[in-house]
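This is my_file26.cif. It holds mmCIF, C-alpha atoms.
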data_work
#
loop_
_atom_site.label_atom_id
_atom_site.label_comp_id
_atom_site.auth_asym_id
_atom_site.auth_seq_id
_atom_site.Cartn_x
_atom_site.Cartn_y
_atom_site.Cartn_z
CA MET A 1 105.07 67.20 121.09
CA GLN A 2 103.36 67.42 124.45
CA SER A 3 99.63 67.99 124.14
CA PRO A 4 99.62 71.11 126.38
CA ILE A 5 102.15 72.79 124.09
CA LEU A 6 100.22 71.72 121.00
CA SER A 7 97.09 73.13 122.58
CA ARG A 8 98.79 76.46 123.25
CA ILE A 9 99.95 76.79 119.66
CA LEU A 10 96.54 75.72 118.42
CA LYS A 11 94.87 78.29 120.68
CA ILE A 12 96.87 81.09 119.05
CA TRP A 13 96.60 79.70 115.53
CA TRP A 14 92.96 78.73 115.10
CA PRO A 15 91.34 82.20 115.43
CA LEU A 16 93.83 83.59 112.91
CA ALA A 17 93.37 80.59 110.63
CA LEU A 18 89.60 80.99 110.84
CA SER A 19 90.00 84.65 109.93
CA TRP A 20 92.09 83.72 106.88
CA LEU A 21 89.50 81.07 105.99
CA PHE A 22 86.66 83.60 106.05
CA MET A 23 88.83 85.99 104.04
CA GLY A 24 89.69 83.21 101.62
CA LEU A 25 86.05 82.25 101.17
CA GLU A 26 85.20 85.77 100.06
CA GLN A 27 87.00 85.56 96.72
CA PRO A 28 85.61 82.18 95.57
CA LEU A 29 82.11 83.34 96.48
CA ILE A 30 82.64 86.57 94.55
CA ASN A 31 83.91 84.60 91.56
CA ALA A 32 80.95 82.22 91.76
CA ILE A 33 78.51 85.16 91.75
CA ILE A 34 80.23 86.87 88.81
CA ALA A 35 80.26 83.55 86.89
CA ARG A 36 76.46 83.50 87.07
CA LEU A 37 75.93 87.07 85.86
CA ALA A 38 76.12 88.50 82.33
CA HIS A 39 79.46 88.33 80.49
CA PRO A 40 81.25 86.35 83.22
CA THR A 41 84.55 85.87 81.38
CA ILE A 42 85.01 89.62 80.91
CA HIS A 43 84.20 90.54 84.52
CA LEU A 44 86.23 87.68 86.02
CA ALA A 45 89.19 88.76 83.89
CA ALA A 46 88.73 92.39 84.94
CA LEU A 47 88.67 91.48 88.63
CA GLY A 48 91.51 88.98 88.59
CA GLY A 49 93.61 90.53 85.84
CA VAL A 50 93.51 94.23 86.75
CA VAL A 51 91.42 95.32 89.75
CA PHE A 52 92.65 92.97 92.44
CA PRO A 53 96.35 92.98 91.46
CA VAL A 54 96.41 96.80 91.27
CA ALA A 55 94.51 97.14 94.58
CA LEU A 56 97.04 94.84 96.25
CA ILE A 57 99.94 96.91 94.96
CA ILE A 58 98.32 100.10 96.20
CA GLU A 59 97.86 98.69 99.71
CA SER A 60 101.32 97.08 99.89
CA PRO A 61 102.97 99.73 102.13
CA ILE A 62 100.51 99.00 104.95
CA ILE A 63 99.97 95.24 104.63
CA MET A 64 102.65 94.41 107.23
CA LEU A 65 101.09 96.55 109.95
CA LEU A 66 99.73 93.41 111.57
CA ALA A 67 103.23 92.01 112.06
CA ALA A 68 104.53 95.40 113.25
CA SER A 69 101.67 95.94 115.68
CA THR A 70 102.00 92.41 117.09
CA ALA A 71 105.74 92.83 117.59
CA LEU A 72 105.98 96.47 118.74
CA SER A 73 102.77 97.36 120.62
CA ASP A 74 104.53 97.18 123.98
CA HIS A 75 102.98 100.35 125.42
CA GLN A 76 100.85 103.38 124.60
CA GLN A 77 103.64 105.54 123.17
CA ALA A 78 104.55 102.85 120.63
CA TYR A 79 100.89 102.38 119.75
CA ARG A 80 100.35 106.11 119.17
CA LEU A 81 103.46 106.40 117.00
CA MET A 82 102.37 103.52 114.78
CA TYR A 83 98.80 104.81 114.71
CA ARG A 84 100.01 108.15 113.31
CA PHE A 85 102.05 106.31 110.72
CA MET A 86 99.03 104.22 109.74
CA MET A 87 96.70 107.20 109.34
CA ILE A 88 99.13 109.43 107.40
CA THR A 89 100.29 106.65 105.11
CA SER A 90 96.74 105.47 104.42
CA ALA A 91 95.63 109.02 103.53
CA LEU A 92 98.50 109.46 101.07
CA ILE A 93 97.90 106.07 99.48
CA THR A 94 94.16 106.74 99.14
CA VAL A 95 94.91 109.99 97.29
CA GLY A 96 97.19 108.05 94.94
CA HIS A 97 94.47 105.43 94.42
CA ALA A 98 91.96 108.16 93.52
CA LEU A 99 94.35 109.67 91.00
CA LEU A 100 94.90 106.30 89.32
CA ALA A 101 91.20 105.42 89.19
CA PHE A 102 89.51 108.74 88.41
CA THR A 103 92.00 110.54 86.13
CA PRO A 104 93.74 109.84 82.80
CA LEU A 105 96.53 108.21 84.84
CA TYR A 106 94.47 105.03 84.59
CA ASP A 107 95.20 104.78 80.86
CA ILE A 108 98.72 106.21 81.11
CA VAL A 109 99.90 103.95 83.94
CA ILE A 110 97.67 100.91 84.45
CA VAL A 111 96.49 100.15 80.92
CA ALA A 112 99.93 100.84 79.46
CA ALA A 113 101.65 98.61 82.01
CA LEU A 114 99.26 95.67 82.00
CA ASN A 115 98.08 95.78 78.37
CA PRO A 116 94.80 94.01 79.27
CA PRO A 117 92.38 92.76 76.61
CA ALA A 118 90.29 95.65 75.32
CA GLU A 119 87.05 94.15 76.67
CA ILE A 120 88.12 94.50 80.30
CA ILE A 121 89.62 98.01 80.32
CA GLU A 122 86.47 99.93 81.26
CA PRO A 123 85.06 97.34 83.68
CA SER A 124 88.41 97.36 85.47
CA ARG A 125 88.25 101.14 85.85
CA TRP A 126 84.80 100.87 87.47
CA GLY A 127 86.12 98.30 89.93
CA LEU A 128 89.08 100.46 90.98
CA MET A 129 86.82 103.46 91.51
CA ILE A 130 84.53 101.53 93.86
CA LEU A 131 87.50 100.10 95.80
CA LEU A 132 88.64 103.54 96.96
CA PRO A 133 87.98 102.75 100.69
CA TRP A 134 90.10 99.60 100.41
CA THR A 135 93.51 100.83 101.63
CA TRP A 136 92.40 102.77 104.71
CA SER A 137 90.12 99.93 105.80
CA ILE A 138 92.85 97.29 105.41
CA ALA A 139 95.44 99.46 107.18
CA HIS A 140 93.18 100.19 110.14
CA ARG A 141 91.99 96.64 110.70
CA ARG A 142 95.45 95.02 110.32
CA PHE A 143 96.97 97.51 112.75
CA GLN A 144 94.26 96.95 115.35
CA GLN A 145 94.34 93.18 114.78
CA GLY A 146 97.94 93.21 116.00
CA VAL A 147 96.79 94.77 119.28
CA LEU A 148 94.00 92.20 119.64
CA LEU A 149 96.44 89.35 119.04
CA ARG A 150 99.12 90.77 121.33
CA TYR A 151 96.72 91.23 124.25
CA GLY A 152 94.70 88.04 124.08
CA ASP A 153 91.61 88.73 121.97
CA ALA A 154 92.49 86.73 118.89
CA LYS A 155 88.92 85.43 118.60
CA ALA A 156 87.79 88.96 117.72
CA ILE A 157 89.95 88.74 114.59
CA SER A 158 88.05 85.76 113.20
CA LEU A 159 84.72 87.27 114.28
CA GLY A 160 85.56 90.49 112.45
CA THR A 161 86.39 88.60 109.27
CA PHE A 162 83.10 86.71 109.56
CA PHE A 163 81.22 90.01 109.70
CA ARG A 164 83.27 91.17 106.71
CA LEU A 165 82.17 88.12 104.72
CA MET A 166 78.52 88.61 105.66
CA ALA A 167 78.61 92.31 104.74
CA SER A 168 80.31 91.52 101.45
CA LEU A 169 77.78 88.85 100.49
CA SER A 170 74.85 91.06 101.51
CA ALA A 171 76.08 93.98 99.41
CA MET A 172 76.74 91.73 96.42
CA GLY A 173 73.30 90.17 96.71
CA ILE A 174 71.65 93.59 96.66
CA MET A 175 73.73 94.81 93.71
CA ALA A 176 73.17 91.61 91.73
CA PHE A 177 69.41 91.82 92.40
CA LEU A 178 69.43 95.40 91.08
CA GLY A 179 71.04 94.17 87.85
CA TYR A 180 74.49 95.78 88.05
CA PRO A 181 77.42 94.29 86.06
CA GLY A 182 79.59 91.67 87.74
CA ILE A 183 82.59 93.89 88.42
CA ILE A 184 80.41 96.50 90.18
CA VAL A 185 78.73 93.76 92.22
CA ALA A 186 82.13 92.38 93.26
CA ALA A 187 83.82 95.71 94.04
CA THR A 188 80.85 96.95 96.07
CA GLY A 189 80.87 93.75 98.08
CA ILE A 190 84.61 93.93 98.74
CA SER A 191 84.49 97.58 99.83
CA SER A 192 81.49 96.98 102.10
CA GLY A 193 83.20 94.00 103.68
CA VAL A 194 86.54 95.64 104.51
CA LEU A 195 84.81 98.74 105.91
CA THR A 196 82.63 96.59 108.15
CA GLU A 197 85.63 94.64 109.42
CA ALA A 198 87.66 97.78 110.11
CA ILE A 199 84.85 99.30 112.17
CA PHE A 200 84.31 96.12 114.18
CA VAL A 201 88.02 95.57 114.90
CA ALA A 202 88.44 99.20 116.02
CA TRP A 203 85.51 98.77 118.42
CA ARG A 204 86.94 95.56 119.90
CA ALA A 205 90.45 97.02 120.25
CA LYS A 206 89.31 100.22 122.01
CA PRO A 207 89.01 98.78 125.56
CA ILE A 208 92.37 97.03 125.20
CA ILE A 209 94.04 100.29 124.18
CA GLN A 210 92.45 102.14 127.09
CA MET A 211 92.84 99.52 129.84
CA LYS A 212 95.46 96.89 128.95
CA LEU A 213 98.06 98.78 126.97
CA PRO A 214 100.79 99.74 129.46
CA PRO A 215 101.70 103.44 129.85
CA VAL A 216 104.85 104.88 128.28
CA GLN A 217 107.94 103.02 129.42
CA GLU A 218 111.64 103.87 129.33
CA ASN A 219 112.14 101.95 126.10
CA ALA A 220 110.07 104.37 124.01
CA LEU A 221 109.75 103.52 120.33
CA SER A 222 111.51 106.07 118.12
CA TRP A 223 110.73 106.80 114.50
CA SER A 224 114.22 105.58 113.63
CA ALA A 225 113.69 102.23 115.36
CA PHE A 226 110.24 101.83 113.82
CA ASN A 227 111.54 102.61 110.34
CA GLN A 228 114.41 100.18 110.76
CA PHE A 229 111.92 97.47 111.65
CA TYR A 230 109.08 98.36 109.27
CA VAL A 231 110.65 99.66 106.06
CA PRO A 232 112.09 96.24 105.07
CA LEU A 233 108.69 94.68 105.74
CA ALA A 234 106.88 97.33 103.69
CA LEU A 235 109.36 96.89 100.86
CA THR A 236 108.85 93.16 101.15
CA SER A 237 105.09 93.41 100.78
CA PHE A 238 105.45 95.81 97.85
CA LEU A 239 107.82 93.48 96.03
CA LEU A 240 105.65 90.48 96.85
CA LEU A 241 102.45 92.09 95.65
CA ILE A 242 103.97 93.66 92.55
CA SER A 243 104.21 90.13 91.25
CA GLN A 244 100.39 90.12 90.91
CA PRO A 245 100.12 92.80 88.18
CA LEU A 246 103.35 91.41 86.73
CA GLY A 247 101.59 88.07 86.39
CA SER A 248 98.52 89.72 84.84
CA ALA A 249 100.69 91.58 82.33
CA ALA A 250 102.41 88.32 81.37
CA LEU A 251 99.18 86.34 81.09
CA SER A 252 97.79 89.07 78.82
CA ARG A 253 100.64 88.36 76.40
CA MET A 254 100.51 84.54 76.44
CA PRO A 255 98.28 82.03 74.62
CA GLU A 256 94.62 81.91 75.75
CA ALA A 257 95.00 85.32 77.39
CA LEU A 258 91.34 86.10 78.11
CA ASN A 259 90.52 82.61 79.37
CA SER A 260 93.66 82.52 81.51
CA LEU A 261 92.84 85.89 83.08
CA ALA A 262 89.30 84.69 83.74
CA VAL A 263 90.38 81.43 85.39
CA TRP A 264 93.32 82.96 87.31
CA PRO A 265 91.25 84.55 90.14
CA VAL A 266 89.12 81.41 90.49
CA LEU A 267 92.15 79.12 90.76
CA ILE A 268 94.23 81.38 92.99
CA SER A 269 91.33 82.11 95.33
CA PHE A 270 90.70 78.39 95.77
CA VAL A 271 94.35 77.67 96.53
CA PHE A 272 94.34 80.68 98.85
CA LEU A 273 91.77 78.89 101.03
CA PHE A 274 94.50 76.39 101.92
CA ARG A 275 97.46 78.76 101.81
CA GLY A 276 95.68 81.07 104.25
CA PHE A 277 96.22 78.53 107.03
CA GLY A 278 99.94 79.02 106.47
CA PHE A 279 99.74 82.81 106.25
CA ALA A 280 98.19 82.80 109.73
CA TYR A 281 101.35 81.15 111.05
CA ASN A 282 103.60 84.23 110.81
CA GLU A 283 101.88 86.02 113.69
CA VAL A 284 101.52 82.73 115.60
CA VAL A 285 105.29 82.25 115.56
CA VAL A 286 105.99 85.86 116.62
CA SER A 287 103.37 85.74 119.40
CA ALA A 288 104.43 82.31 120.71
CA LEU A 289 108.12 83.18 120.78
CA LYS A 290 107.53 86.55 122.41
CA GLY A 291 105.28 85.05 125.05
CA LYS A 292 107.52 81.97 125.45
CA THR A 293 104.48 79.75 125.18
CA ALA A 294 106.21 77.37 122.75
CA SER A 295 109.73 76.67 121.53
CA PHE A 296 110.83 76.83 117.91
CA ASN A 297 111.02 73.02 117.80
CA ASP A 298 107.38 72.82 118.92
CA LEU A 299 106.37 75.32 116.27
CA THR A 300 108.21 73.29 113.63
CA ARG A 301 106.42 70.09 114.64
CA PHE A 302 103.08 71.86 114.43
CA ALA A 303 104.03 73.17 110.95
CA ILE A 304 104.89 69.66 109.74
CA LEU A 305 101.61 68.27 111.03
CA LEU A 306 99.57 71.10 109.52
CA GLY A 307 101.43 70.95 106.21
CA SER A 308 100.85 67.21 105.90
CA LEU A 309 97.12 67.60 106.47
CA LEU A 310 96.78 70.42 103.95
CA THR A 311 98.75 68.50 101.30
CA VAL A 312 96.47 65.48 101.72
CA PHE A 313 93.37 67.68 101.35
CA MET A 314 94.76 69.44 98.27
CA ALA A 315 95.67 66.13 96.62
CA ALA A 316 92.27 64.64 97.43
CA ILE A 317 90.61 67.46 95.49
CA ALA A 318 93.09 68.06 92.67
CA LEU A 319 93.53 64.39 91.73
CA THR A 320 89.88 63.32 91.86
CA PRO A 321 86.61 64.35 90.18
CA LEU A 322 86.12 66.80 93.07
CA SER A 323 88.17 69.32 91.09
CA GLN A 324 85.71 69.20 88.20
CA PHE A 325 82.81 69.47 90.64
CA TYR A 326 84.34 72.55 92.24
CA PHE A 327 85.22 74.45 89.06
CA GLN A 328 82.09 73.62 87.07
CA VAL A 329 79.36 73.29 89.69
CA LEU A 330 80.47 75.48 92.60
CA ALA A 331 82.59 78.07 90.79
CA GLY A 332 80.29 78.11 87.76
CA LEU A 333 82.99 77.94 85.07
CA ASN A 334 82.01 76.70 81.64
CA ASN A 335 83.57 73.54 80.19
CA SER A 336 86.49 75.24 78.42
CA LEU A 337 87.46 77.32 81.44
CA ALA A 338 87.19 74.33 83.80
CA ALA A 339 89.35 72.24 81.46
CA LEU A 340 92.06 74.90 81.77
CA ALA A 341 91.75 75.14 85.56
CA ILE A 342 91.94 71.45 86.52
CA PRO A 343 95.54 70.67 85.37
CA ALA A 344 96.70 73.96 86.85
CA LEU A 345 95.27 72.92 90.22
CA VAL A 346 97.34 69.72 90.15
CA LEU A 347 100.47 71.87 89.98
CA CYS A 348 99.33 73.67 93.15
CA ILE A 349 99.12 70.65 95.47
CA PHE A 350 102.24 71.55 97.47
CA TRP A 351 101.69 75.32 97.46
CA PRO A 352 99.91 75.45 100.86
CA VAL A 353 102.73 73.63 102.66
CA LEU A 354 105.18 76.15 101.20
CA ALA A 355 103.10 78.94 102.77
CA ILE A 356 103.36 77.28 106.18
CA PHE A 357 107.15 76.98 106.16
CA GLN A 358 107.56 80.39 104.54
CA ASN A 359 105.74 81.93 107.49
CA LEU A 360 107.46 79.73 110.05
CA TYR A 361 110.90 80.98 108.99
CA GLN A 362 109.62 84.49 108.32
CA GLY A 363 108.05 84.63 111.78
CA VAL A 364 111.37 83.66 113.35
CA ILE A 365 113.12 86.42 111.42
CA VAL A 366 110.49 89.03 112.36
CA PHE A 367 110.80 87.95 116.00
CA SER A 368 114.57 88.55 115.81
CA GLY A 369 114.06 91.99 114.21
CA GLN A 370 116.27 91.20 111.19
CA THR A 371 113.50 91.95 108.72
CA ARG A 372 115.85 92.69 105.82
CA PHE A 373 116.23 88.91 105.38
CA VAL A 374 112.53 88.74 104.46
CA THR A 375 113.05 91.43 101.82
CA GLU A 376 115.97 89.52 100.32
CA ALA A 377 113.81 86.40 99.99
CA VAL A 378 111.02 88.27 98.23
CA VAL A 379 113.46 89.95 95.83
CA LEU A 380 114.84 86.54 94.88
CA SER A 381 111.32 85.17 94.42
CA LEU A 382 110.28 88.16 92.30
CA VAL A 383 113.33 87.92 90.05
CA ILE A 384 112.86 84.20 89.42
CA THR A 385 109.12 84.60 88.83
CA ALA A 386 109.69 87.49 86.42
CA VAL A 387 112.32 85.60 84.44
CA LEU A 388 110.06 82.59 84.07
CA LEU A 389 107.11 84.77 83.03
CA VAL A 390 109.24 86.50 80.39
CA LEU A 391 110.33 83.11 79.10
CA GLY A 392 106.69 82.08 78.99
CA VAL A 393 105.74 85.15 76.96
CA ARG A 394 108.60 84.66 74.50
CA SER A 395 108.16 80.93 74.04
CA SER A 396 104.33 80.83 74.06
CA LEU A 397 104.56 77.07 74.62
CA PHE A 398 101.95 76.88 77.38
CA PRO A 399 98.64 78.60 78.08
CA GLY A 400 99.15 81.67 80.25
CA LEU A 401 97.46 80.09 83.28
CA ILE A 402 99.79 77.07 83.36
CA MET A 403 102.92 79.14 82.87
CA GLY A 404 101.78 81.61 85.50
CA VAL A 405 101.32 78.87 88.10
CA ILE A 406 104.73 77.35 87.29
CA ALA A 407 106.48 80.72 87.56
CA PHE A 408 104.88 81.71 90.88
CA LEU A 409 105.35 78.26 92.39
CA ILE A 410 109.07 78.08 91.58
CA GLY A 411 109.52 81.65 92.82
CA ASN A 412 107.84 80.70 96.11
CA ILE A 413 110.08 77.65 96.51
CA ALA A 414 113.15 79.88 96.11
CA GLN A 415 111.73 82.29 98.69
CA VAL A 416 111.23 79.54 101.28
CA LEU A 417 114.73 78.16 100.72
CA TRP A 418 116.26 81.61 101.18
CA LEU A 419 114.32 82.19 104.40
CA PHE A 420 115.42 78.78 105.63
CA TRP A 421 119.07 79.62 104.98
CA ARG A 422 118.97 83.16 106.38
CA SER A 423 117.13 82.08 109.54
CA HIS A 424 119.61 79.29 110.31
CA SER A 425 121.60 81.03 113.04
CA ILE A 426 118.41 82.42 114.63
CA ARG A 427 116.79 79.00 114.65
CA MET A 428 119.86 77.43 116.20
CA ARG A 429 119.85 79.98 119.03
CA LEU A 430 116.14 79.48 119.61
CA SER A 431 116.45 75.70 119.62
CA GLN A 432 119.12 75.89 122.30
CA ALA A 433 117.94 78.80 124.44
CA LEU A 434 114.17 79.31 124.13
CA LYS A 435 112.21 76.82 126.21
CA PRO A 436 108.45 76.66 126.61
CA ALA A 437 106.89 77.95 129.78
CA VAL A 438 106.30 75.41 132.56
CA VAL A 439 102.82 73.96 132.42
CA THR A 440 100.94 74.41 135.67
#
Show me, as structure tokens, the structure contained in the file I just sent.
Amino acid sequence: MQSPILSRILKIWWPLALSWLFMGLEQPLINAIIARLAHPTIHLAALGGVVFPVALIIESPIIMLLAASTALSDHQQAYRLMYRFMMITSALITVGHALLAFTPLYDIVIVAALNPPAEIIEPSRWGLMILLPWTWSIAHRRFQQGVLLRYGDAKAISLGTFFRLMASLSAMGIMAFLGYPGIIVAATGISSGVLTEAIFVAWRAKPIIQMKLPPVQENALSWSAFNQFYVPLALTSFLLLISQPLGSAALSRMPEALNSLAVWPVLISFVFLFRGFGFAYNEVVVSALKGKTASFNDLTRFAILLGSLLTVFMAAIALTPLSQFYFQVLAGLNNSLAALAIPALVLCIFWPVLAIFQNLYQGVIVFSGQTRFVTEAVVLSLVITAVLLVLGVRSSLFPGLIMGVIAFLIGNIAQVLWLFWRSHSIRMRLSQALKPAVVT
């Protein structure tokens, strides 16, 4: 790969990767704080087993607004149409969130579906109540992040996530100092962080919307065209995120349920630090292909290089005493919880590289507009994951944490293979026709 092309890809990727890194750091820091407060196992299990999975499901219809905004924000009319969609959808989802958290629907729907250990039912309810601003904040900042990325202010994305992390840690520090339970500390921090990020991103995007976004053009975006593009992506995110409460429900019914639910958020948040570098690649691929700043072959070479580095880093931690240092010293887990986490981390060594190639092929598909292929891949992943989780519940051969990792990892492998197959014809066309811009 020529260094100028590598530099162009890196220039798009690193602000997004830094944003994902800041976002990824939030959860391990939250877990570390909870682990040092009263009744850590209960509050870690509440956060990772109920609150976070349910919050992710609630926000799923708007999670792909970043991809949509990056791909479709060609002019002001398209921006306004998507903005209306974002605001209306967020309002409806927030009402649904309130009903689930503040009414008997919590017991009827969430508790009945997840069957969590009795100790975490009430703490989980508190967490969901405090996370009420979550969906609107996520929708607003992801939508505006697409505009920032599309029009050359990607650094604002990482800066916004940094402010989010600082706001989250500040709020948690205050709540912990005042003596509140761990789940209230965590939920307050998360809500404060996403609100701060949404406000900052909106402020940074405002001059772009006013000055750089072109006026209405002949190719106006219709609701029909937007729905054709976005509905498969929204369905994809819903199916992808529904696997989180599905996993919690399964872990609640497997051996070592409480310990597995307590370790699950600590393990997954650590792996997420590395997987986040791959998640950033979806928008990099879409942006680079749209701007013709790099060819698909260049993007593939970058993915191989990045994946190799992440795999080496993961192995260096998982296969050495560094894993024990992280889980016991940094994350604050006790001996029994750390002993459960370490072998599970070994299984996760290749998970980050899967995220990179998942988003490479997914980015190509989003660029082509054939977003239904992404939905197909997630459906396949969800089915395989669910089958393996059911087998884990029925057999009870492994602790819930180990079986959960195996199920999600195999499901992710199937997802990547499906995306690879479905993107074949698109990749072939790009390899032949799309050339990088001439370096001057």
Using only C-alpha atoms, can you tell me which of A:Ser287, A:Ser252, A:Gln27, A:Ser243 comes closest to Tyr151 (chain A)?
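Closest to Tyr151 (chain A), using only C-alpha atoms: A:Ser287.
Note that the spacing between CA of Leu397 (chain A) and CA of Gly411 (chain A) amounts to 19.4 Å.
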From the list A:Phe420, A:Tyr106, A:Trp223, A:Tyr83, which residue is nearest Gly363 (chain A) when using all atoms listed in the file?
A:Phe420
Which is closer to Ala316 (chain A) than all the others in A:Ile349, A:Ile190, A:Pro53, A:Leu213, using only C-alpha atoms?
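Ranked by minimum distance to Ala316 (chain A), first place goes to A:Ile349.
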Using all atoms listed in the file, can you tell me which of A:Arg275, A:Lys292, A:Arg301, A:Arg8 comes closest to Ala355 (chain A)?
A:Arg275
Counting only C-alpha atoms, the residue among A:Tyr180, A:Trp418, A:Phe398, A:Phe313 that lies closest to Pro123 (chain A) is A:Tyr180
List the residues selected by the PyMOL selection byres ((chain A and resi 184) around 10) in the file shown, writing them as a ChimeraX atom specification.
/A:34,43,47,123-124,126-131,172,175-176,179-183,185-190
Report as a PyMOL selection string all protein, DNA and RNA residues lying within 10 Å of Asn219 (chain A), evaluated on only C-alpha atoms, omitting residues in the same chain fewer than 3 positions from it.
chain A and resi 74-75+77-78+216+222
